[in-house]
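See structure below.
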Amino acid sequence: MSSKSIEELIAISEIISDEPAKIGEFALPELMAIACSREVKDSDIVFAGTGLPMVGIMTANLLHAPHAALIYEAGICDGKTMHTPMSVCDGRACYMASTLGGLVDTFAYYLQRGYVSLGFLGGAAIDQFGGVNVTCLGGNYFKPDNRLTGSGGNSDIGTMAKRTVFIMLQEKRRFVERNEYTTTPGWWCWDWKTREWKPKREALKNSPFADCGPEAVVTNMGIFRFDEKGIMYLESCHPGVTIEKIKNNCNFDINTSMLKGETRYPTYRELFVLREFVDPELIFISERPEYPEEIRNLL
Amino acid sequence: MNRRHIKAKKAEILSLEEAVKKYMHDGIMMCTGGFTAMNRNPVAWVWETIRQEIKDIHNIDPHGCLTSWMLNAADAMAIHESAWTGWGEMAGKLDIQSGNRYKQGRLVLEEYSHGAMALRFLAGAIGSPFMPYFAPPGSDLYNPDYDALGKAGLRNGENPKIADKKFVPIEDPFFKEGTVYLLPAVRPELAVIHVSQAGEKGTARWRGIGTLDKEMAFASDKVVLTCEEIVSEAELRRLPESNQIPYFVVDCIVQVPYGAYPSSTPYFYDYDAKFIQAMNQASRNLQDLKEWLNEWVLEPACWDAFLEKIGTKRLLDLKADSALGYSTKLVRGKKPSPVMRMPLSVMKSGF
């Protein structure tokens, strides 16, 4: 944070260039948060989880999607934050909200009623169909090697939001062919009645949520999307990441035939908004490179 | 089940020690209000529960609160029914003792998703035996093999408060909208909820988010409010639309200022991220955890003595800004909070 007043910082943000920043001028979590923010449309009603998902949508709210409504699961409808909330129940996320309620409001009135167009979630592991595991890794469910937090709102939001974007760390053991435990089903899932593995649209036949599901996955290595069969493909690699590296960090044969190239770099304006307005206290992204000289001179 | 056609009652006002003695017992099925380690957790209640050595608690804490962390730390919780077994977002999310106790077989963990827990509490609150929900078919949450209470032999009908089944999938019989899941109501013996203000008769008010506190109060057989202030019932009734829980639902009121510390009570005080981070650090090995419990829970003579040990400076820094409802003096990241007058998105683009 500079010594400039917020009004002066806003004035600076208006004149900063929309050119992409250069390698070395942004941190990886900044690239990821901004890639997330670009998934948000101005007309979206967004339901987001704690952490980088919140940072991403708050950034979008200050750039290209000022009217996107933000739902936070503890009961907050369209909070207009002044100070960075640390989680989805922080009083800072309540400021100037449209209404405040509780979980029945967010999960039943907004989500199950069908208002939420975009879900923004984290995950510990993901399969090639976009099914996510945030429950346990290794061993078995009742005696896991690693017990994680469990669903929270992940499976509700991932099932009933029209589109869902996941943001997560990519490692070989986290990018798997089939999840050991599925918290939030992807485009293919188990049908427990028949114990068959089938497309989600069939498992959810006649359900109002049959067409809802994962749209994109933003990792520390690249951005992934899903083809018409509901199988993940690589869309772009982050700067400095090769296709080989991504293949080595997938436990399945990732489709790279639709690769568009490098992930778009954050622009100077996007970085400025993220650093000065969304996370000025360095809560979520604590290490970041200095601005180039022309921006430092403005501050 | 219980509580049908009871007489309207007036809540009793007790001290923290008396109330825990009266309302808690070994093996109780209870629920605790608030949300994660951030918002209105009834911490003082659980603090006193640990001091009175109450054991084998079946705690229904859907959001991963400080209360569950403390009960795990003191080895006082036998069953945790929840959607999220993490706790402090500011302290790495994972409750280390919860994970350890689970792996050692000392904790039964029954899991649903957050929306499912919300509707289960709503069912309890409105007196329905169950609620239909578009839960995700294909999630292992609805894998028939993963029914923890069933596996532990607890769905045998002996405890009337535990449902015979974890869930029942049915085809929508009315509008033919595919499979919906019937989720059993939650029907705890006791709800403990921390509120800002309680009238002397029991009417309750909080500001900020509601989480599931109203549903918890109505779903439970008995309700204890811990509160920052007991205020005149007449004063609360001048603005009845701001109150959330009617008096006849409440059995007992305990006034315990800073009773949610280190979580926040909006418009009173903020959460103490540093204290919660220290708790997380202590939970990394059993010796440190034992020392933490001794120092912060068992040794202080009373709750006020605990607050004295926290110290005036720290509590003053947490004091909420009366206009915003949270503290702007609290340092949470690497830099202090900026001075702000309006949300930037509103300044730039309106609503």
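A note on labels: chains of the structure tokens are A, B, ... as shown, every chain counts residues from 1, and ligands are counted from 1 in their shown order.
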Residues of chain B at most 6 Å from chain A: nearest atom pair and distance in Å, only C-alpha atoms, as CSV:
residue,atom,partner,partner_atom,distance
B:Ala83,CA,A:Gly152,CA,4.9
B:Trp84,CA,A:Gly152,CA,4.6
B:Thr85,CA,A:Thr149,CA,4.8
B:Gly86,CA,A:Thr149,CA,4.7
B:Gly99,CA,A:Arg147,CA,5.6
B:Lys103,CA,A:Lys143,CA,5.6
B:Ser113,CA,A:Ser151,CA,5.4
B:His114,CA,A:Gly153,CA,4.8
B:Gly115,CA,A:Phe107,CA,5.2
B:Ala118,CA,A:Val104,CA,5.7
B:Pro136,CA,A:Thr159,CA,6.0
B:Gly138,CA,A:Trp190,CA,4.5
B:Ser139,CA,A:Thr183,CA,5.2
B:Asp140,CA,A:Thr182,CA,5.3
B:Glu177,CA,A:Ser207,CA,4.8
B:Gly178,CA,A:Asn206,CA,4.7
B:Ile209,CA,A:Gly75,CA,5.6
B:Gly210,CA,A:Gly102,CA,4.5
B:Thr211,CA,A:Gly102,CA,4.1
B:Leu212,CA,A:Gly102,CA,5.8
B:Gly333,CA,A:Ile283,CA,4.3
B:Lys334,CA,A:Leu282,CA,5.4
B:Lys335,CA,A:Glu281,CA,4.5
B:Pro336,CA,A:Glu281,CA,5.9
B:Pro343,CA,A:Met82,CA,4.4
B:Ser345,CA,A:Leu62,CA,5.4
Would you save the residues of that selection, restricted to N, CA and C atoms, as a short mmCIF file (atom, residue, chain, number, x, y, z; two decimals), in the first residue's frame?
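Listed below is the output, result_19.cif:
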data_model
loop_
_atom_site.label_atom_id
_atom_site.label_comp_id
_atom_site.auth_asym_id
_atom_site.auth_seq_id
_atom_site.Cartn_x
_atom_site.Cartn_y
_atom_site.Cartn_z
N ALA B 83 -20.63 -30.51 7.96
CA ALA B 83 -20.39 -30.40 6.53
C ALA B 83 -18.93 -30.04 6.28
N TRP B 84 -18.28 -29.48 7.29
CA TRP B 84 -16.92 -28.96 7.11
C TRP B 84 -16.15 -29.18 8.40
N THR B 85 -15.14 -30.03 8.33
CA THR B 85 -14.41 -30.35 9.56
C THR B 85 -13.17 -29.49 9.71
N GLY B 86 -13.05 -28.50 8.86
CA GLY B 86 -11.98 -27.54 9.05
C GLY B 86 -12.37 -26.60 10.17
N GLY B 99 -8.49 -34.52 12.56
CA GLY B 99 -7.93 -35.51 11.64
C GLY B 99 -7.27 -36.66 12.39
N LYS B 103 -8.54 -40.58 12.49
CA LYS B 103 -7.72 -41.68 11.99
C LYS B 103 -7.47 -42.73 13.08
N SER B 113 -23.27 -32.29 3.04
CA SER B 113 -22.77 -31.03 2.51
C SER B 113 -23.43 -29.90 3.30
N HIS B 114 -22.95 -28.69 3.03
CA HIS B 114 -23.43 -27.56 3.81
C HIS B 114 -24.90 -27.25 3.57
N GLY B 115 -25.29 -27.29 2.29
CA GLY B 115 -26.70 -27.05 1.97
C GLY B 115 -27.59 -28.12 2.59
N ALA B 118 -28.06 -27.42 6.18
CA ALA B 118 -28.98 -26.29 6.34
C ALA B 118 -30.42 -26.79 6.27
N PRO B 136 -26.39 -33.80 -4.69
CA PRO B 136 -25.73 -34.34 -5.89
C PRO B 136 -25.69 -35.86 -5.93
N GLY B 138 -24.24 -39.11 -7.18
CA GLY B 138 -22.89 -39.29 -7.71
C GLY B 138 -21.82 -38.78 -6.76
N SER B 139 -22.20 -37.99 -5.77
CA SER B 139 -21.23 -37.61 -4.75
C SER B 139 -21.12 -38.75 -3.75
N ASP B 140 -19.91 -39.00 -3.26
CA ASP B 140 -19.73 -40.05 -2.25
C ASP B 140 -20.40 -39.69 -0.92
N GLU B 177 -39.23 -34.27 -11.55
CA GLU B 177 -37.95 -33.60 -11.77
C GLU B 177 -36.76 -34.46 -11.35
N GLY B 178 -36.85 -35.74 -11.54
CA GLY B 178 -35.71 -36.62 -11.29
C GLY B 178 -35.57 -37.00 -9.82
N ILE B 209 -24.56 -11.73 9.85
CA ILE B 209 -25.12 -12.94 9.26
C ILE B 209 -25.83 -13.81 10.29
N GLY B 210 -26.79 -14.59 9.77
CA GLY B 210 -27.60 -15.42 10.67
C GLY B 210 -27.13 -16.87 10.75
N THR B 211 -26.30 -17.30 9.82
CA THR B 211 -25.86 -18.70 9.68
C THR B 211 -27.07 -19.62 9.84
N LEU B 212 -27.03 -20.56 10.80
CA LEU B 212 -28.18 -21.44 10.99
C LEU B 212 -28.76 -21.27 12.40
N GLY B 333 -2.98 -9.03 7.70
CA GLY B 333 -2.02 -9.46 6.69
C GLY B 333 -0.67 -8.83 7.01
N LYS B 334 0.05 -8.46 5.95
CA LYS B 334 1.36 -7.84 6.16
C LYS B 334 1.24 -6.33 6.36
N LYS B 335 0.08 -5.79 6.03
CA LYS B 335 -0.08 -4.34 6.14
C LYS B 335 -1.39 -4.01 6.84
N PRO B 336 -1.49 -2.82 7.43
CA PRO B 336 -2.74 -2.45 8.11
C PRO B 336 -3.86 -2.17 7.11
N PRO B 343 -17.31 1.53 -0.49
CA PRO B 343 -16.78 0.41 -1.28
C PRO B 343 -16.43 0.91 -2.67
N SER B 345 -16.26 -0.56 -5.54
CA SER B 345 -17.11 -0.97 -6.66
C SER B 345 -18.34 -0.07 -6.73
#
Report task. Using DSSP on the backbone coordinates, identify the residues of segment 48-148 of chain B assigned to alpha helix (DSSP H); present them as a PyMOL selection string. Result -> chain B and resi 48-51+66-73+96-103+114-125+148
Requested in this report: Write out as a ChimeraX atom specification all residues of segment 51-211 of chain A that DSSP puts in strand (DSSP E) for this structure's backbone.
Outcome: /A:69-72,76-77,99-100,118-122,125-127,132-133,136-140,143-147,163-168,175-176,188-191,196-199
Hey, can you spit out that residue selection with N, CA and C atoms as a CSV table (one decimal), in the first residue's frame?
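Saved to again.csv:
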chain,number,residue,atom,x,y,z
A,69,ALA,N,-23.3,-10.1,-9.0
A,69,ALA,CA,-23.7,-10.1,-7.6
A,69,ALA,C,-22.9,-11.2,-6.9
A,70,LEU,N,-22.4,-11.0,-5.7
A,70,LEU,CA,-21.6,-11.9,-5.0
A,70,LEU,C,-22.4,-12.5,-3.8
A,71,ILE,N,-22.5,-13.8,-3.8
A,71,ILE,CA,-23.2,-14.5,-2.7
A,71,ILE,C,-22.1,-15.2,-1.9
A,72,TYR,N,-22.1,-15.0,-0.6
A,72,TYR,CA,-21.2,-15.7,0.3
A,72,TYR,C,-22.0,-16.6,1.2
A,76,ILE,N,-24.8,-14.0,3.0
A,76,ILE,CA,-24.6,-12.7,2.5
A,76,ILE,C,-25.0,-12.6,1.0
A,77,CYS,N,-25.8,-11.6,0.7
A,77,CYS,CA,-26.3,-11.4,-0.7
A,77,CYS,C,-25.8,-10.1,-1.2
A,99,THR,N,-29.1,-8.0,1.1
A,99,THR,CA,-29.8,-8.6,2.3
A,99,THR,C,-28.8,-9.5,3.0
A,100,LEU,N,-29.0,-9.7,4.3
A,100,LEU,CA,-28.2,-10.7,5.1
A,100,LEU,C,-29.2,-11.7,5.6
A,118,LEU,N,-22.8,-18.8,-11.5
A,118,LEU,CA,-21.4,-19.2,-11.5
A,118,LEU,C,-21.0,-19.5,-10.1
A,119,GLY,N,-20.4,-20.7,-9.9
A,119,GLY,CA,-19.8,-21.1,-8.7
A,119,GLY,C,-18.3,-21.0,-8.8
A,120,PHE,N,-17.6,-20.7,-7.7
A,120,PHE,CA,-16.2,-20.5,-7.7
A,120,PHE,C,-15.6,-21.2,-6.5
A,121,LEU,N,-14.9,-22.3,-6.8
A,121,LEU,CA,-14.5,-23.2,-5.7
A,121,LEU,C,-13.1,-23.6,-5.7
A,122,GLY,N,-12.6,-24.1,-4.6
A,122,GLY,CA,-11.3,-24.8,-4.6
A,122,GLY,C,-11.5,-26.3,-4.6
A,125,ALA,N,-8.3,-32.4,-5.1
A,125,ALA,CA,-8.0,-33.3,-6.2
A,125,ALA,C,-9.2,-33.2,-7.2
A,126,ILE,N,-8.8,-33.5,-8.5
A,126,ILE,CA,-9.9,-33.4,-9.5
A,126,ILE,C,-9.7,-34.6,-10.5
A,127,ASP,N,-10.8,-35.1,-11.0
A,127,ASP,CA,-10.6,-36.2,-12.0
A,127,ASP,C,-10.8,-35.6,-13.4
A,132,VAL,N,-14.6,-33.4,-8.1
A,132,VAL,CA,-13.7,-32.8,-7.2
A,132,VAL,C,-13.7,-33.6,-5.8
A,133,ASN,N,-12.5,-33.7,-5.2
A,133,ASN,CA,-12.4,-34.3,-3.9
A,133,ASN,C,-11.8,-33.3,-3.0
A,136,CYS,N,-10.8,-36.6,1.4
A,136,CYS,CA,-9.7,-37.5,1.9
A,136,CYS,C,-8.8,-37.9,0.8
A,137,LEU,N,-7.5,-38.1,1.1
A,137,LEU,CA,-6.6,-38.5,0.1
A,137,LEU,C,-5.8,-39.8,0.7
A,138,GLY,N,-5.7,-40.8,-0.2
A,138,GLY,CA,-5.0,-42.0,0.2
A,138,GLY,C,-5.8,-42.9,1.2
A,139,GLY,N,-5.4,-44.1,1.3
A,139,GLY,CA,-6.1,-45.0,2.2
A,139,GLY,C,-7.5,-45.2,1.8
A,140,ASN,N,-8.4,-45.4,2.7
A,140,ASN,CA,-9.8,-45.4,2.4
A,140,ASN,C,-10.6,-44.4,3.2
A,143,LYS,N,-10.4,-44.7,6.9
A,143,LYS,CA,-9.1,-44.7,7.4
A,143,LYS,C,-8.1,-44.0,6.4
A,144,PRO,N,-8.3,-42.7,6.1
A,144,PRO,CA,-7.5,-42.1,5.1
A,144,PRO,C,-6.1,-41.7,5.5
A,145,ASP,N,-5.2,-41.6,4.6
A,145,ASP,CA,-3.8,-41.1,4.9
A,145,ASP,C,-4.0,-39.6,5.3
A,146,ASN,N,-4.7,-38.9,4.5
A,146,ASN,CA,-4.9,-37.4,4.8
A,146,ASN,C,-6.4,-37.1,4.8
A,147,ARG,N,-6.8,-36.7,6.0
A,147,ARG,CA,-8.2,-36.3,6.1
A,147,ARG,C,-8.3,-34.8,5.9
A,163,ARG,N,-22.6,-22.8,-14.0
A,163,ARG,CA,-21.2,-23.1,-14.4
A,163,ARG,C,-20.4,-23.1,-13.1
A,164,THR,N,-19.3,-23.9,-13.1
A,164,THR,CA,-18.4,-23.8,-11.9
A,164,THR,C,-17.0,-23.7,-12.4
A,165,VAL,N,-16.2,-22.9,-11.7
A,165,VAL,CA,-14.8,-22.8,-12.0
A,165,VAL,C,-14.1,-23.2,-10.7
A,166,PHE,N,-13.1,-24.1,-10.9
A,166,PHE,CA,-12.3,-24.6,-9.8
A,166,PHE,C,-10.9,-24.0,-9.9
A,167,ILE,N,-10.4,-23.6,-8.7
A,167,ILE,CA,-9.0,-23.1,-8.7
A,167,ILE,C,-8.2,-24.0,-7.7
A,168,MET,N,-7.1,-24.6,-8.2
A,168,MET,CA,-6.4,-25.6,-7.3
A,168,MET,C,-5.0,-25.8,-7.7
A,175,PHE,N,-4.4,-34.7,-9.8
A,175,PHE,CA,-5.0,-34.7,-11.2
A,175,PHE,C,-5.2,-36.1,-11.6
A,176,VAL,N,-6.3,-36.7,-11.3
A,176,VAL,CA,-6.4,-38.2,-11.4
A,176,VAL,C,-7.5,-38.6,-12.4
A,188,TRP,N,-19.0,-36.9,-15.4
A,188,TRP,CA,-19.3,-38.3,-15.3
A,188,TRP,C,-19.3,-38.6,-13.8
A,189,CYS,N,-20.2,-39.5,-13.4
A,189,CYS,CA,-20.3,-39.8,-12.0
A,189,CYS,C,-21.0,-41.2,-11.7
A,190,TRP,N,-20.9,-41.6,-10.5
A,190,TRP,CA,-21.6,-42.9,-10.1
A,190,TRP,C,-23.1,-42.6,-10.1
A,191,ASP,N,-23.9,-43.6,-10.5
A,191,ASP,CA,-25.3,-43.6,-10.2
A,191,ASP,C,-25.5,-44.7,-9.1
A,196,GLU,N,-23.6,-47.8,-11.5
A,196,GLU,CA,-23.0,-47.6,-12.8
A,196,GLU,C,-22.3,-46.3,-12.9
A,197,TRP,N,-21.2,-46.2,-13.6
A,197,TRP,CA,-20.5,-45.0,-13.9
A,197,TRP,C,-21.1,-44.4,-15.2
A,198,LYS,N,-21.6,-43.2,-15.1
A,198,LYS,CA,-22.3,-42.8,-16.4
A,198,LYS,C,-22.2,-41.2,-16.5
A,199,PRO,N,-22.6,-40.7,-17.6
A,199,PRO,CA,-22.6,-39.2,-17.8
A,199,PRO,C,-23.6,-38.6,-16.8
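Note that atom CA of Leu109 of chain B and atom CA of Ser82 of chain B are 7.5 Å apart.
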Query raised in the report: Can you tell me, as a PyMOL selection string, what residues are no more than 8 Å from Leu119 of chain B when counting only C-alpha atoms, ignoring any on the same chain fewer than 3 positions away?
Result: (chain A and resi 104+108) or (chain B and resi 115-116+122-123+131+133+183+185)
Query raised in the report: Using only C-alpha atoms, which of the listed residues (A:Thr267, A:Thr219, A:Ser43, A:Asn297) sits closest to Pro20 of chain A?
Result: A:Thr267
Query raised in the report: Rounded to one decimal in Å, what is the spacing between atom CA of Arg207 of chain B and atom CA of Asn243 of chain B?
Result: 9.2 Å
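Candidate residues B:Ala152, B:Lys165, B:Glu229, B:Gly350 were compared for distance to Gly105 of chain B, and the nearest is B:Ala152, using only C-alpha atoms.
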Proximity of segment 110-222 of chain B to segment 18-25 of chain B: per-residue shortest pair, 12 Å limit, only C-alpha atoms, as JSON lines:
{"residue": "B:Glu189", "atom": "CA", "partner": "B:Tyr23", "partner_atom": "CA", "distance": 9.4}
{"residue": "B:Leu190", "atom": "CA", "partner": "B:Tyr23", "partner_atom": "CA", "distance": 7.8}
{"residue": "B:Ala191", "atom": "CA", "partner": "B:Tyr23", "partner_atom": "CA", "distance": 10.1}
{"residue": "B:Val192", "atom": "CA", "partner": "B:Tyr23", "partner_atom": "CA", "distance": 10.0}
{"residue": "B:Asp221", "atom": "CA", "partner": "B:Tyr23", "partner_atom": "CA", "distance": 11.1}
{"residue": "B:Lys222", "atom": "CA", "partner": "B:Tyr23", "partner_atom": "CA", "distance": 8.3}
Query raised in the report: Restricting the calculation to only C-alpha atoms, which member of B:Met340, B:Leu330, B:Ile276, B:Val249 is positioned closest to Lys7 of chain B?
Result: B:Val249
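Of the listed residues (B:Arg120, B:Arg332, B:Lys274, B:Arg205), B:Arg120 comes nearest to Lys166 of chain B; the distances count only C-alpha atoms.
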Requested in this report: Go ahead and compute the interatomic distance for atom CA of Gly259 of chain B and atom CA of Thr226 of chain B, in Å to one decimal.
Outcome: 7.1 Å
Within 6 Å of Cys31 of chain B, counting only C-alpha atoms, which residues show up once you throw out same-chain ones fewer than 4 positions away? Write them as a short mmCIF file (atom, residue, chain, number, x, y, z; two decimals) with N, CA, C and O atoms, in the first residue's frame, please.
data_model
loop_
_atom_site.label_atom_id
_atom_site.label_comp_id
_atom_site.auth_asym_id
_atom_site.auth_seq_id
_atom_site.Cartn_x
_atom_site.Cartn_y
_atom_site.Cartn_z
N ASN B 59 -21.64 -33.59 18.80
CA ASN B 59 -21.77 -32.17 18.45
C ASN B 59 -22.15 -32.03 16.98
O ASN B 59 -21.49 -32.57 16.11
N ILE B 60 -23.24 -31.32 16.75
CA ILE B 60 -23.67 -31.07 15.37
C ILE B 60 -23.29 -29.63 15.06
O ILE B 60 -23.97 -28.69 15.45
N ASP B 61 -22.13 -29.51 14.45
CA ASP B 61 -21.56 -28.20 14.16
C ASP B 61 -21.30 -28.19 12.66
O ASP B 61 -20.29 -28.69 12.20
N ALA B 191 -29.39 -26.52 21.92
CA ALA B 191 -28.71 -25.57 21.04
C ALA B 191 -28.06 -24.51 21.93
O ALA B 191 -28.68 -24.03 22.87
#
